[in-house]
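Engineer: Next comes model_38.cif, mmCIF, C-alpha atoms:
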```
data_structure
loop_
_atom_site.group_PDB
_atom_site.id
_atom_site.type_symbol
_atom_site.label_atom_id
_atom_site.label_comp_id
_atom_site.auth_asym_id
_atom_site.auth_seq_id
_atom_site.Cartn_x
_atom_site.Cartn_y
_atom_site.Cartn_z
ATOM 1 C CA MET P 1 -10.644 41.860 7.726
ATOM 2 C CA ILE P 2 -9.402 38.809 5.834
ATOM 3 C CA THR P 3 -5.650 38.645 5.317
ATOM 4 C CA GLY P 4 -4.154 37.155 2.176
ATOM 5 C CA GLU P 5 -2.929 34.075 4.038
ATOM 6 C CA GLU P 6 -6.379 33.318 5.433
ATOM 7 C CA LEU P 7 -7.871 33.683 1.958
ATOM 8 C CA ILE P 8 -5.349 31.184 0.572
ATOM 9 C CA LEU P 9 -6.108 28.751 3.416
ATOM 10 C CA ALA P 10 -9.849 28.998 2.777
ATOM 11 C CA CYS P 11 -9.397 28.498 -0.948
ATOM 12 C CA SER P 12 -7.096 25.508 -0.256
ATOM 13 C CA ALA P 13 -9.849 23.918 1.827
ATOM 14 C CA ILE P 14 -12.372 24.467 -0.980
ATOM 15 C CA GLY P 15 -9.883 23.030 -3.468
ATOM 16 C CA ALA P 16 -9.334 19.961 -1.287
ATOM 17 C CA GLY P 17 -13.071 19.383 -1.196
ATOM 18 C CA LEU P 18 -13.276 19.731 -4.966
ATOM 19 C CA ALA P 19 -10.361 17.313 -5.438
ATOM 20 C CA CYS P 20 -12.291 14.645 -3.518
ATOM 21 C CA ILE P 21 -14.984 14.680 -6.235
ATOM 22 C CA ALA P 22 -12.515 12.339 -7.969
ATOM 23 C CA GLY P 23 -13.953 9.648 -5.684
ATOM 24 C CA ILE P 24 -17.091 9.389 -7.843
ATOM 25 C CA GLY P 25 -15.334 7.619 -10.718
ATOM 26 C CA PRO P 26 -13.689 4.789 -8.738
ATOM 27 C CA GLY P 27 -16.946 4.262 -6.841
ATOM 28 C CA ILE P 28 -18.871 3.630 -10.045
ATOM 29 C CA GLY P 29 -16.037 1.531 -11.500
ATOM 30 C CA GLN P 30 -15.651 -0.656 -8.428
ATOM 31 C CA GLY P 31 -19.402 -1.144 -8.236
ATOM 32 C CA ILE P 32 -19.530 -2.320 -11.850
ATOM 33 C CA ALA P 33 -16.601 -4.695 -11.243
ATOM 34 C CA ALA P 34 -18.204 -6.136 -8.099
ATOM 35 C CA GLY P 35 -21.553 -6.555 -9.851
ATOM 36 C CA HIS P 36 -20.034 -8.442 -12.753
ATOM 37 C CA ALA P 37 -17.995 -10.578 -10.355
ATOM 38 C CA ALA P 38 -21.184 -11.464 -8.464
ATOM 39 C CA ALA P 39 -22.838 -12.439 -11.753
ATOM 40 C CA ALA P 40 -19.804 -14.533 -12.693
ATOM 41 C CA VAL P 41 -19.840 -16.369 -9.342
ATOM 42 C CA GLY P 42 -23.543 -17.024 -9.828
ATOM 43 C CA ARG P 43 -22.906 -18.551 -13.232
ATOM 44 C CA ASN P 44 -19.795 -20.532 -12.221
ATOM 45 C CA PRO P 45 -19.553 -21.020 -8.445
ATOM 46 C CA GLY P 46 -16.517 -23.304 -8.817
ATOM 47 C CA ALA P 47 -14.262 -20.444 -9.940
ATOM 48 C CA ARG P 48 -15.100 -18.311 -6.910
ATOM 49 C CA SER P 49 -11.563 -17.771 -5.593
ATOM 50 C CA GLU P 50 -10.094 -16.850 -8.972
ATOM 51 C CA ILE P 51 -12.953 -14.449 -9.725
ATOM 52 C CA THR P 52 -12.515 -12.809 -6.324
ATOM 53 C CA SER P 53 -8.781 -12.240 -6.779
ATOM 54 C CA THR P 54 -9.256 -10.877 -10.310
ATOM 55 C CA MET P 55 -11.989 -8.553 -9.045
ATOM 56 C CA LEU P 56 -9.800 -7.259 -6.205
ATOM 57 C CA LEU P 57 -6.913 -6.590 -8.588
ATOM 58 C CA GLY P 58 -9.134 -4.728 -11.048
ATOM 59 C CA GLN P 59 -10.757 -2.705 -8.289
ATOM 60 C CA ALA P 60 -7.364 -1.740 -6.893
ATOM 61 C CA VAL P 61 -6.277 -0.435 -10.289
ATOM 62 C CA ALA P 62 -9.563 1.434 -10.729
ATOM 63 C CA GLU P 63 -9.097 2.991 -7.293
ATOM 64 C CA THR P 64 -5.855 4.715 -8.313
ATOM 65 C CA THR P 65 -7.442 7.783 -9.914
ATOM 66 C CA GLY P 66 -9.498 8.435 -6.797
ATOM 67 C CA LEU P 67 -6.380 8.176 -4.679
ATOM 68 C CA TYR P 68 -4.686 10.814 -6.843
ATOM 69 C CA GLY P 69 -7.509 13.163 -5.873
ATOM 70 C CA LEU P 70 -7.073 12.202 -2.217
ATOM 71 C CA ALA P 71 -3.323 12.828 -2.425
ATOM 72 C CA ILE P 72 -3.955 16.315 -3.850
ATOM 73 C CA ALA P 73 -6.496 17.046 -1.098
ATOM 74 C CA ILE P 74 -4.060 15.925 1.626
ATOM 75 C CA ILE P 75 -1.235 17.981 0.128
ATOM 76 C CA LEU P 76 -3.468 21.061 -0.088
ATOM 77 C CA LEU P 77 -4.653 20.697 3.511
ATOM 78 C CA PHE P 78 -1.517 19.642 5.378
ATOM 79 C CA VAL P 79 1.530 20.563 3.300
ATOM 80 C CA LYS P 80 0.070 23.976 2.329
ATOM 81 C CA PRO P 81 2.183 24.464 -0.827
ATOM 82 C CA LEU P 82 0.546 27.787 -1.732
ATOM 83 C CA ILE P 83 1.575 29.702 1.396
ATOM 84 C CA MET I 1 -10.121 25.462 19.250
ATOM 85 C CA ALA I 2 -10.773 21.725 19.347
ATOM 86 C CA VAL I 3 -9.891 21.566 15.680
ATOM 87 C CA ALA I 4 -6.607 23.325 16.281
ATOM 88 C CA ALA I 5 -5.716 20.924 19.103
ATOM 89 C CA ALA I 6 -6.503 17.857 17.027
ATOM 90 C CA ASP I 7 -4.957 19.273 13.907
ATOM 91 C CA ASN I 8 -1.713 17.377 13.737
ATOM 92 C CA SER I 9 -2.441 14.235 15.722
ATOM 93 C CA PHE I 10 -2.298 11.967 12.674
ATOM 94 C CA MET I 11 0.696 13.459 10.874
ATOM 95 C CA ILE I 12 4.324 12.318 11.180
ATOM 96 C CA ARG I 13 5.875 13.695 14.374
ATOM 97 C CA GLY I 14 9.542 14.100 15.214
ATOM 98 C CA LEU I 15 10.438 12.567 18.565
ATOM 99 C CA PHE I 16 13.976 13.871 18.977
ATOM 100 C CA SER I 17 16.650 15.350 16.728
ATOM 101 C CA TYR I 18 20.406 14.897 16.429
ATOM 102 C CA ARG I 19 23.096 16.615 14.386
ATOM 103 C CA LEU I 20 25.413 14.759 12.017
ATOM 104 C CA PHE I 21 27.824 16.372 9.534
ATOM 105 C CA GLY I 22 26.165 19.751 10.068
ATOM 106 C CA GLN I 23 22.670 18.471 9.246
ATOM 107 C CA THR I 24 19.776 18.056 11.639
ATOM 108 C CA PHE I 25 18.123 14.649 11.492
ATOM 109 C CA TRP I 26 14.876 13.663 13.157
ATOM 110 C CA ILE I 27 13.861 10.343 14.667
ATOM 111 C CA THR I 28 10.160 10.276 13.784
ATOM 112 C CA THR I 29 7.194 8.058 14.662
ATOM 113 C CA THR I 30 7.845 6.236 11.377
ATOM 114 C CA HIS I 31 11.312 5.151 12.544
ATOM 115 C CA VAL I 32 9.977 3.824 15.847
ATOM 116 C CA ALA I 33 7.192 1.793 14.216
ATOM 117 C CA LEU I 34 9.589 0.506 11.523
ATOM 118 C CA LEU I 35 12.085 -0.580 14.161
ATOM 119 C CA LEU I 36 9.387 -2.518 16.036
ATOM 120 C CA VAL I 37 8.178 -4.183 12.826
ATOM 121 C CA VAL I 38 11.697 -5.183 11.813
ATOM 122 C CA LEU I 39 12.470 -6.536 15.300
ATOM 123 C CA LEU I 40 9.253 -8.569 15.304
ATOM 124 C CA LEU I 41 9.956 -9.977 11.829
ATOM 125 C CA THR I 42 13.536 -10.856 12.789
ATOM 126 C CA ILE I 43 12.398 -12.727 15.892
ATOM 127 C CA PHE I 44 9.717 -14.515 13.867
ATOM 128 C CA ALA I 45 12.189 -15.503 11.147
ATOM 129 C CA TRP I 46 14.708 -16.750 13.738
ATOM 130 C CA ALA I 47 12.069 -18.803 15.576
ATOM 131 C CA ALA I 48 10.627 -20.218 12.343
ATOM 132 C CA GLY I 49 14.077 -21.162 11.068
ATOM 133 C CA ARG I 50 14.940 -22.852 14.347
ATOM 134 C CA THR I 51 11.686 -24.807 14.363
ATOM 135 C CA LEU I 52 11.957 -25.975 10.762
ATOM 136 C CA LYS I 53 15.589 -27.039 11.121
ATOM 137 C CA ARG I 54 14.404 -29.929 13.291
ATOM 138 C CA PRO I 55 10.804 -30.488 12.117
ATOM 139 C CA SER I 56 8.751 -33.007 14.040
ATOM 140 C CA ASN I 57 6.480 -35.490 12.333
ATOM 141 C CA VAL I 58 3.552 -34.309 14.437
ATOM 142 C CA PRO I 59 3.778 -30.527 13.977
ATOM 143 C CA GLY I 60 3.029 -28.274 16.928
ATOM 144 C CA THR I 61 1.070 -25.046 16.719
ATOM 145 C CA PHE I 62 3.935 -22.824 15.614
ATOM 146 C CA GLN I 63 5.236 -25.266 12.996
ATOM 147 C CA ASN I 64 1.703 -25.605 11.645
ATOM 148 C CA VAL I 65 1.344 -21.847 11.276
ATOM 149 C CA VAL I 66 4.693 -21.482 9.490
ATOM 150 C CA GLU I 67 3.980 -24.395 7.154
ATOM 151 C CA LEU I 68 0.541 -22.964 6.332
ATOM 152 C CA ALA I 69 2.048 -19.550 5.561
ATOM 153 C CA VAL I 70 4.703 -21.046 3.270
ATOM 154 C CA GLU I 71 2.086 -23.187 1.531
ATOM 155 C CA LYS I 72 -0.210 -20.212 0.875
ATOM 156 C CA LEU I 73 2.739 -18.146 -0.355
ATOM 157 C CA ASP I 74 3.770 -20.879 -2.808
ATOM 158 C CA GLN I 75 0.173 -21.128 -4.013
ATOM 159 C CA MET I 76 -0.053 -17.367 -4.586
ATOM 160 C CA VAL I 77 3.284 -17.017 -6.398
ATOM 161 C CA ASP I 78 2.872 -20.137 -8.538
ATOM 162 C CA GLY I 79 -0.690 -19.158 -9.434
ATOM 163 C CA SER I 80 0.218 -15.752 -10.791
ATOM 164 C CA MET I 81 3.785 -16.185 -12.049
ATOM 165 C CA GLY I 82 3.741 -19.755 -13.348
ATOM 166 C CA VAL I 83 7.074 -21.383 -14.152
ATOM 167 C CA SER I 84 9.147 -18.227 -13.608
ATOM 168 C CA GLY I 85 7.815 -17.790 -10.081
ATOM 169 C CA GLY I 86 10.257 -19.979 -8.173
ATOM 170 C CA LYS I 87 12.957 -17.392 -7.556
ATOM 171 C CA PHE I 88 10.547 -14.673 -6.468
ATOM 172 C CA ARG I 89 9.040 -16.519 -3.509
ATOM 173 C CA ASN I 90 11.587 -15.059 -1.105
ATOM 174 C CA TYR I 91 11.076 -11.470 -2.219
ATOM 175 C CA ILE I 92 7.283 -11.651 -2.388
ATOM 176 C CA GLY I 93 7.089 -13.351 1.010
ATOM 177 C CA THR I 94 9.337 -10.730 2.556
ATOM 178 C CA ILE I 95 7.432 -7.701 1.282
ATOM 179 C CA PHE I 96 4.114 -9.392 2.049
ATOM 180 C CA LEU I 97 4.974 -9.852 5.734
ATOM 181 C CA PHE I 98 6.603 -6.416 5.931
ATOM 182 C CA ILE I 99 3.712 -4.457 4.389
ATOM 183 C CA LEU I 100 1.121 -6.479 6.312
ATOM 184 C CA LEU I 101 2.785 -5.752 9.660
ATOM 185 C CA CYS I 102 3.283 -2.086 8.714
ATOM 186 C CA ASN I 103 -0.389 -1.721 7.774
ATOM 187 C CA ILE I 104 -1.772 -3.237 10.959
ATOM 188 C CA CYS I 105 0.498 -1.121 13.165
ATOM 189 C CA GLY I 106 -2.362 1.355 13.585
ATOM 190 C CA ILE I 107 -4.302 -1.106 15.725
ATOM 191 C CA PHE I 108 -1.535 -0.998 18.368
ATOM 192 C CA GLY I 109 -1.581 2.778 18.590
ATOM 193 C CA LEU I 110 1.475 3.284 16.412
ATOM 194 C CA ARG I 111 1.401 5.389 13.278
ATOM 195 C CA SER I 112 1.632 3.056 10.260
ATOM 196 C CA PRO I 113 5.019 3.388 8.530
ATOM 197 C CA THR I 114 3.254 2.876 5.174
ATOM 198 C CA ALA I 115 1.405 6.167 5.779
ATOM 199 C CA ASP I 116 4.787 7.833 5.156
ATOM 200 C CA TYR I 117 5.416 8.403 1.449
ATOM 201 C CA GLY I 118 9.147 7.744 1.888
ATOM 202 C CA ILE I 119 8.507 4.076 2.687
ATOM 203 C CA THR I 120 5.994 3.341 -0.066
ATOM 204 C CA LEU I 121 8.022 5.171 -2.722
ATOM 205 C CA LEU I 122 11.006 3.000 -1.810
ATOM 206 C CA LEU I 123 8.904 -0.165 -2.174
ATOM 207 C CA GLY I 124 7.618 1.051 -5.541
ATOM 208 C CA LEU I 125 11.141 1.831 -6.753
ATOM 209 C CA VAL I 126 12.390 -1.634 -5.740
ATOM 210 C CA THR I 127 9.561 -3.150 -7.802
ATOM 211 C CA PHE I 128 10.428 -0.850 -10.734
ATOM 212 C CA PHE I 129 14.072 -1.917 -10.571
ATOM 213 C CA LEU I 130 13.126 -5.615 -10.384
ATOM 214 C CA ILE I 131 10.785 -5.335 -13.401
ATOM 215 C CA HIS I 132 13.469 -3.915 -15.678
ATOM 216 C CA PHE I 133 16.374 -5.915 -14.234
ATOM 217 C CA ASN I 134 14.551 -9.167 -14.950
ATOM 218 C CA GLY I 135 13.373 -7.926 -18.350
ATOM 219 C CA VAL I 136 16.916 -7.057 -19.424
ATOM 220 C CA ARG I 137 18.274 -10.309 -18.009
ATOM 221 C CA ARG I 138 15.730 -12.347 -19.964
ATOM 222 C CA HIS I 139 15.573 -10.454 -23.270
ATOM 223 C CA ARG I 140 18.914 -8.578 -23.283
ATOM 224 C CA ILE I 141 18.777 -5.492 -25.520
ATOM 225 C CA SER I 142 15.444 -6.409 -27.103
ATOM 226 C CA HIS I 143 13.802 -5.587 -23.753
ATOM 227 C CA PHE I 144 13.982 -1.928 -24.782
ATOM 228 C CA ALA I 145 12.442 -2.687 -28.177
ATOM 229 C CA GLY I 146 9.127 -2.838 -26.315
ATOM 230 C CA TRP I 147 9.224 0.948 -26.061
ATOM 231 C CA PHE I 148 8.894 1.282 -29.833
ATOM 232 C CA GLN I 149 6.287 -1.462 -30.016
ATOM 233 C CA PRO I 150 3.408 -0.678 -32.339
ATOM 234 C CA ILE I 151 5.246 2.201 -34.042
ATOM 235 C CA TRP I 152 8.224 4.327 -32.975
ATOM 236 C CA LEU I 153 5.995 7.416 -32.618
ATOM 237 C CA LEU I 154 4.586 5.972 -29.377
ATOM 238 C CA PHE I 155 8.000 6.006 -27.656
ATOM 239 C CA PRO I 156 7.244 8.914 -25.230
ATOM 240 C CA ILE I 157 3.907 7.402 -24.193
ATOM 241 C CA ASN I 158 5.497 4.004 -23.523
ATOM 242 C CA VAL I 159 8.235 5.582 -21.397
ATOM 243 C CA ILE I 160 5.680 7.587 -19.401
ATOM 244 C CA GLY I 161 3.647 4.414 -18.940
ATOM 245 C CA ASP I 162 6.698 2.610 -17.546
ATOM 246 C CA LEU I 163 7.594 5.488 -15.233
ATOM 247 C CA ALA I 164 4.014 5.658 -13.919
ATOM 248 C CA VAL I 165 4.232 2.105 -12.539
ATOM 249 C CA PRO I 166 6.238 2.851 -9.346
ATOM 250 C CA LEU I 167 4.316 6.109 -8.868
ATOM 251 C CA SER I 168 0.894 4.465 -9.010
ATOM 252 C CA LEU I 169 2.021 1.464 -6.913
ATOM 253 C CA SER I 170 3.413 3.645 -4.146
ATOM 254 C CA LEU I 171 0.560 6.189 -4.228
ATOM 255 C CA ARG I 172 -2.040 3.415 -4.041
ATOM 256 C CA LEU I 173 -0.544 1.940 -0.863
ATOM 257 C CA PHE I 174 0.152 5.362 0.643
ATOM 258 C CA GLY I 175 -3.289 6.758 -0.180
ATOM 259 C CA ASN I 176 -5.179 3.814 1.278
ATOM 260 C CA VAL I 177 -3.250 3.658 4.547
ATOM 261 C CA MET I 178 -3.107 7.441 4.887
ATOM 262 C CA SER I 179 -6.864 7.837 4.370
ATOM 263 C CA GLY I 180 -7.496 5.283 7.118
ATOM 264 C CA THR I 181 -5.052 7.042 9.442
ATOM 265 C CA VAL I 182 -6.639 10.449 8.770
ATOM 266 C CA MET I 183 -10.165 9.161 9.281
ATOM 267 C CA ILE I 184 -9.360 7.433 12.582
ATOM 268 C CA GLY I 185 -7.403 10.517 13.699
ATOM 269 C CA LEU I 186 -10.362 12.777 12.869
ATOM 270 C CA TRP I 187 -12.734 10.507 14.777
ATOM 271 C CA TYR I 188 -10.522 10.556 17.875
ATOM 272 C CA GLY I 189 -9.934 14.291 17.557
ATOM 273 C CA LEU I 190 -13.388 15.656 16.805
ATOM 274 C CA MET I 191 -15.967 13.332 18.362
ATOM 275 C CA PRO I 192 -17.405 13.808 21.888
ATOM 276 C CA TRP I 193 -16.209 11.346 24.531
ATOM 277 C CA PHE I 194 -19.144 8.895 24.303
ATOM 278 C CA ALA I 195 -18.458 8.306 20.598
ATOM 279 C CA LYS I 196 -14.958 7.052 21.401
ATOM 280 C CA LEU I 197 -16.228 4.165 23.514
ATOM 281 C CA GLY I 198 -16.522 1.221 21.122
ATOM 282 C CA ILE I 199 -17.143 2.581 17.671
ATOM 283 C CA PRO I 200 -13.384 3.030 16.986
ATOM 284 C CA ALA I 201 -13.037 -0.771 17.239
ATOM 285 C CA PHE I 202 -15.036 -1.117 14.020
ATOM 286 C CA LEU I 203 -13.064 1.666 12.360
ATOM 287 C CA HIS I 204 -9.776 -0.042 13.307
ATOM 288 C CA ALA I 205 -11.059 -3.413 12.107
ATOM 289 C CA TYR I 206 -12.044 -1.966 8.735
ATOM 290 C CA PHE I 207 -9.216 0.493 8.027
ATOM 291 C CA ASP I 208 -6.295 -1.332 9.638
ATOM 292 C CA LEU I 209 -7.088 -5.033 9.302
ATOM 293 C CA PHE I 210 -9.371 -5.358 6.257
ATOM 294 C CA SER I 211 -8.055 -2.514 4.105
ATOM 295 C CA GLY I 212 -4.463 -3.209 5.156
ATOM 296 C CA ALA I 213 -4.672 -6.898 4.230
ATOM 297 C CA ILE I 214 -6.339 -6.129 0.882
ATOM 298 C CA GLN I 215 -3.717 -3.514 -0.015
ATOM 299 C CA THR I 216 -0.883 -5.891 0.935
ATOM 300 C CA TYR I 217 -2.336 -8.570 -1.316
ATOM 301 C CA VAL I 218 -2.852 -6.073 -4.146
ATOM 302 C CA PHE I 219 0.695 -4.721 -3.911
ATOM 303 C CA CYS I 220 2.204 -8.230 -4.075
ATOM 304 C CA MET I 221 -0.117 -9.336 -6.898
ATOM 305 C CA LEU I 222 0.632 -6.243 -8.998
ATOM 306 C CA THR I 223 4.378 -6.662 -8.422
ATOM 307 C CA MET I 224 4.178 -10.253 -9.666
ATOM 308 C CA VAL I 225 1.972 -9.355 -12.642
ATOM 309 C CA TYR I 226 4.317 -6.559 -13.771
ATOM 310 C CA ILE I 227 7.432 -8.733 -13.423
ATOM 311 C CA ARG I 228 5.830 -11.616 -15.328
ATOM 312 C CA ASP I 229 4.689 -9.233 -18.077
ATOM 313 C CA LYS I 230 8.237 -8.154 -18.834
ATOM 314 C CA MET I 231 9.698 -11.644 -18.560
ATOM 315 C CA GLU I 232 7.478 -13.262 -21.155
#
```
Let's see the structure in the file written out as structure tokens.
Structural biologist:
Amino acid sequence: MITGEELILACSAIGAGLACIAGIGPGIGQGIAAGHAAAAVGRNPGARSEITSTMLLGQAVAETTGLYGLAIAIILLFVKPLI
Amino acid sequence: MAVAAADNSFMIRGLFSYRLFGQTFWITTTHVALLLVVLLLTIFAWAAGRTLKRPSNVPGTFQNVVELAVEKLDQMVDGSMGVSGGKFRNYIGTIFLFILLCNICGIFGLRSPTADYGITLLLGLVTFFLIHFNGVRRHRISHFAGWFQPIWLLFPINVIGDLAVPLSLSLRLFGNVMSGTVMIGLWYGLMPWFAKLGIPAFLHAYFDLFSGAIQTYVFCMLTMVYIRDKME
């Protein structure tokens, strides 16, 4: 017999897993940024340090949406707002 | 049952409680780690100040390290803030050392203070305050004209965009450190004993040292970029 609380917990776990699908977007975005940075270093090796810092900054901003998904997953799993 | 035992090993824990004005307050793992970080930074600042008050012409190891750190800090701030950077060296250097030490706490078995949303939200709010304080000081009342920039219809979107800055800054730092803490906690909690014998060293090196250093750099760079944006 499944109680209502157990059902909510199970659904929260499924929801947390679904929220982590948000990681797909930043993965693709960071990969594109790193690829273009590698191409830029290949074309102009002298500007390596500036390209690297620009790439890191852009990747950090792109990562934000994925971290929103992670924050929702953590809240669902550990704070349990629905119970 | 193993899952239940490991379930809260990476969350914030209260160590002991005390009552003040009818409220119950908790001293948590965050407070302990913060206290250690602040003590370490104070001792470092005192020693560095004492060394540089009487600098020797042939610098020793410690003086070399301090001079290198100051040089790199100047390079970073001047590179991204230009002429307006001079006054912000102190602030950027302070939060850089603070966040860096907080992030690498995990390697010493402490729980990182930056994996507590209260700390990162405070850092984000300080940045938010600095952005608008410097904007108003530079442009007076026309600082707020930026909210009506292309046309006045975009006012709500501009305000939401400004309010999202501290939120995204603090969530980025919190999310990165927290994900590392959770992953290392899960590894320690769920793996059989032979998997805890050397593999966690690589996890600590990646999540605490590498990711922590990158996130520190990113937080300081974004703070400088946002402040410069509003000052120009």
Engineer: Would you translate the PyMOL selection byres ((chain I) within 9 of (chain P)) into the concrete set of residues it matches in this file, as an NGL selection string?
Structural biologist: :I and (8 or 11 or 168-169 or 171-172 or 174-176 or 179 or 214-215 or 217-218 or 221-222)
Engineer: Counting all atoms listed in the file, which of I:Met81, I:Val66, I:Leu209, I:Leu101 gets nearest to Leu52 (chain I)?
Structural biologist: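 Among the listed residues, I:Val66 lies closest to Leu52 (chain I).
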Engineer: What does the distance from CA of Leu68 (chain I) to CA of Ala48 (chain I) come to in Å, to one decimal?
Structural biologist: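 Distance reported for this atom pair: 12.1 Å.
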Engineer: Tell me which residues the PyMOL selection byres ((chain I and resi 120) around 9) grabs here, as a list in words.
Structural biologist: Pro113, Thr114, Ala115, Asp116, Tyr117, Gly118, Ile119, Leu121, Leu122, Leu123, Gly124, Leu125, Leu169, Ser170, Leu171, Arg172, Leu173 and Phe174 of chain I
Engineer: At most 9 Å from (5.3, 11.7, 14.3), file frame, all atoms listed in the file: which residues, as a VMD selection string?
Structural biologist: chain I and resid 9 to 15 27 to 30 111
Engineer: Can you translate the PyMOL selection byres ((chain I and resi 88-97) around 8) into the concrete residues it hits in this file, as a list in words?
Structural biologist: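 For this structure, the PyMOL selection byres ((chain I and resi 88-97) around 8) captures Leu41, Leu73, Asp74, Val77, Gly85, Gly86, Lys87, Phe98, Ile99, Leu100, Leu101, Thr216, Tyr217 and Cys220 of chain I.
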Engineer: Please provide the set of residues having any atom within 10 Å of Lys80 (chain P), restricted to all atoms listed in the file, with same-chain residues fewer than 2 positions apart removed, written as a PyMOL selection string.
Structural biologist: chain P and resi 8-9+12-13+74-78+82-83
Engineer: What does the distance between CA of Trp187 (chain I) and CA of Ala10 (chain P) come to in Å, to one decimal place?
Structural biologist: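 Taking CA of Trp187 (chain I) as the start and CA of Ala10 (chain P) as the end point, the length is 22.2 Å.
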Engineer: May I have the centre and edge lengths, in Å to one decimal, of an axis-aligned box around the listed atoms of region 17-35 of chain P with 3 Å added to every side, as lines of an AutoDock Vina configuration file?
Structural biologist:
```
center_x = -16.0
center_y = 6.6
center_z = -6.5
size_x = 17.2
size_y = 32.3
size_z = 16.7
```
Engineer: To one decimal in Å, tell me the separation between CA of Gly180 (chain I) and CA of Phe202 (chain I).
Structural biologist: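 CA of Phe202 (chain I) lies at a distance of 12.1 Å from CA of Gly180 (chain I).
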Engineer: Using all atoms listed in the file, find the one residue out of I:Leu153, I:Leu163, I:Ala47, I:Val177 that sits nearest to Ile131 (chain I).
Structural biologist: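 Nearest to Ile131 (chain I): I:Leu163.
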Engineer: Determine, counting only C-alpha atoms, which protein, DNA and RNA residues have an atom within 8 Å of an atom of region 35-43 of chain P; residues of the same chain fewer than 6 positions away are not included. Present the result as a list in words.
Structural biologist: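 Once the adjacent positions are removed, what remains is Ile51, Thr52 and Met55 of chain P.
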Engineer: Which residues come within 9 Å of Phe128 (chain I), counting all atoms listed in the file, excluding same-chain residues fewer than 4 positions away, as a PDB file with C-alpha atoms, keeping the file's coordinate frame?
Structural biologist:
```pdb
ATOM      1  CA  LEU I 123       8.904  -0.165  -2.174  1.00  0.00           C
ATOM      2  CA  GLY I 124       7.618   1.051  -5.541  1.00  0.00           C
ATOM      3  CA  HIS I 132      13.469  -3.915 -15.678  1.00  0.00           C
ATOM      4  CA  PHE I 133      16.374  -5.915 -14.234  1.00  0.00           C
ATOM      5  CA  ASP I 162       6.698   2.610 -17.546  1.00  0.00           C
ATOM      6  CA  LEU I 163       7.594   5.488 -15.233  1.00  0.00           C
ATOM      7  CA  VAL I 165       4.232   2.105 -12.539  1.00  0.00           C
ATOM      8  CA  PRO I 166       6.238   2.851  -9.346  1.00  0.00           C
ATOM      9  CA  THR I 223       4.378  -6.662  -8.422  1.00  0.00           C
ATOM     10  CA  TYR I 226       4.317  -6.559 -13.771  1.00  0.00           C
ATOM     11  CA  ILE I 227       7.432  -8.733 -13.423  1.00  0.00           C
TER      12      ILE I 227
END
```
Engineer: Please supply region 143-155 of chain I, rebuilt with N, CA and C atoms, as a PDB file, in the coordinates of the input.
Structural biologist:
```pdb
ATOM      1  N   HIS I 143      14.752  -6.044 -24.773  1.00  0.00           N
ATOM      2  CA  HIS I 143      13.802  -5.587 -23.753  1.00  0.00           C
ATOM      3  C   HIS I 143      13.363  -4.159 -24.046  1.00  0.00           C
ATOM      4  N   PHE I 144      14.306  -3.332 -24.531  1.00  0.00           N
ATOM      5  CA  PHE I 144      13.982  -1.928 -24.782  1.00  0.00           C
ATOM      6  C   PHE I 144      13.255  -1.734 -26.105  1.00  0.00           C
ATOM      7  N   ALA I 145      13.193  -2.799 -26.929  1.00  0.00           N
ATOM      8  CA  ALA I 145      12.442  -2.687 -28.177  1.00  0.00           C
ATOM      9  C   ALA I 145      10.951  -2.541 -27.887  1.00  0.00           C
ATOM     10  N   GLY I 146      10.536  -2.963 -26.676  1.00  0.00           N
ATOM     11  CA  GLY I 146       9.127  -2.838 -26.315  1.00  0.00           C
ATOM     12  C   GLY I 146       8.663  -1.400 -26.277  1.00  0.00           C
ATOM     13  N   TRP I 147       9.602  -0.458 -26.118  1.00  0.00           N
ATOM     14  CA  TRP I 147       9.224   0.948 -26.061  1.00  0.00           C
ATOM     15  C   TRP I 147       8.785   1.479 -27.427  1.00  0.00           C
ATOM     16  N   PHE I 148       9.227   0.806 -28.487  1.00  0.00           N
ATOM     17  CA  PHE I 148       8.894   1.282 -29.833  1.00  0.00           C
ATOM     18  C   PHE I 148       7.814   0.388 -30.432  1.00  0.00           C
ATOM     19  N   GLN I 149       7.006  -0.292 -29.555  1.00  0.00           N
ATOM     20  CA  GLN I 149       6.287  -1.462 -30.016  1.00  0.00           C
ATOM     21  C   GLN I 149       5.374  -1.277 -31.212  1.00  0.00           C
ATOM     22  N   PRO I 150       4.182  -0.666 -31.083  1.00  0.00           N
ATOM     23  CA  PRO I 150       3.408  -0.678 -32.339  1.00  0.00           C
ATOM     24  C   PRO I 150       4.124   0.125 -33.420  1.00  0.00           C
ATOM     25  N   ILE I 151       4.411   1.412 -33.132  1.00  0.00           N
ATOM     26  CA  ILE I 151       5.246   2.201 -34.042  1.00  0.00           C
ATOM     27  C   ILE I 151       6.157   3.072 -33.193  1.00  0.00           C
ATOM     28  N   TRP I 152       7.250   3.591 -33.772  1.00  0.00           N
ATOM     29  CA  TRP I 152       8.224   4.327 -32.975  1.00  0.00           C
ATOM     30  C   TRP I 152       7.674   5.641 -32.456  1.00  0.00           C
ATOM     31  N   LEU I 153       6.566   6.143 -33.069  1.00  0.00           N
ATOM     32  CA  LEU I 153       5.995   7.416 -32.618  1.00  0.00           C
ATOM     33  C   LEU I 153       5.492   7.337 -31.186  1.00  0.00           C
ATOM     34  N   LEU I 154       5.172   6.121 -30.705  1.00  0.00           N
ATOM     35  CA  LEU I 154       4.586   5.972 -29.377  1.00  0.00           C
ATOM     36  C   LEU I 154       5.650   5.892 -28.284  1.00  0.00           C
ATOM     37  N   PHE I 155       6.919   6.115 -28.636  1.00  0.00           N
ATOM     38  CA  PHE I 155       8.000   6.006 -27.656  1.00  0.00           C
ATOM     39  C   PHE I 155       7.771   6.829 -26.392  1.00  0.00           C
TER      40      PHE I 155
END
```
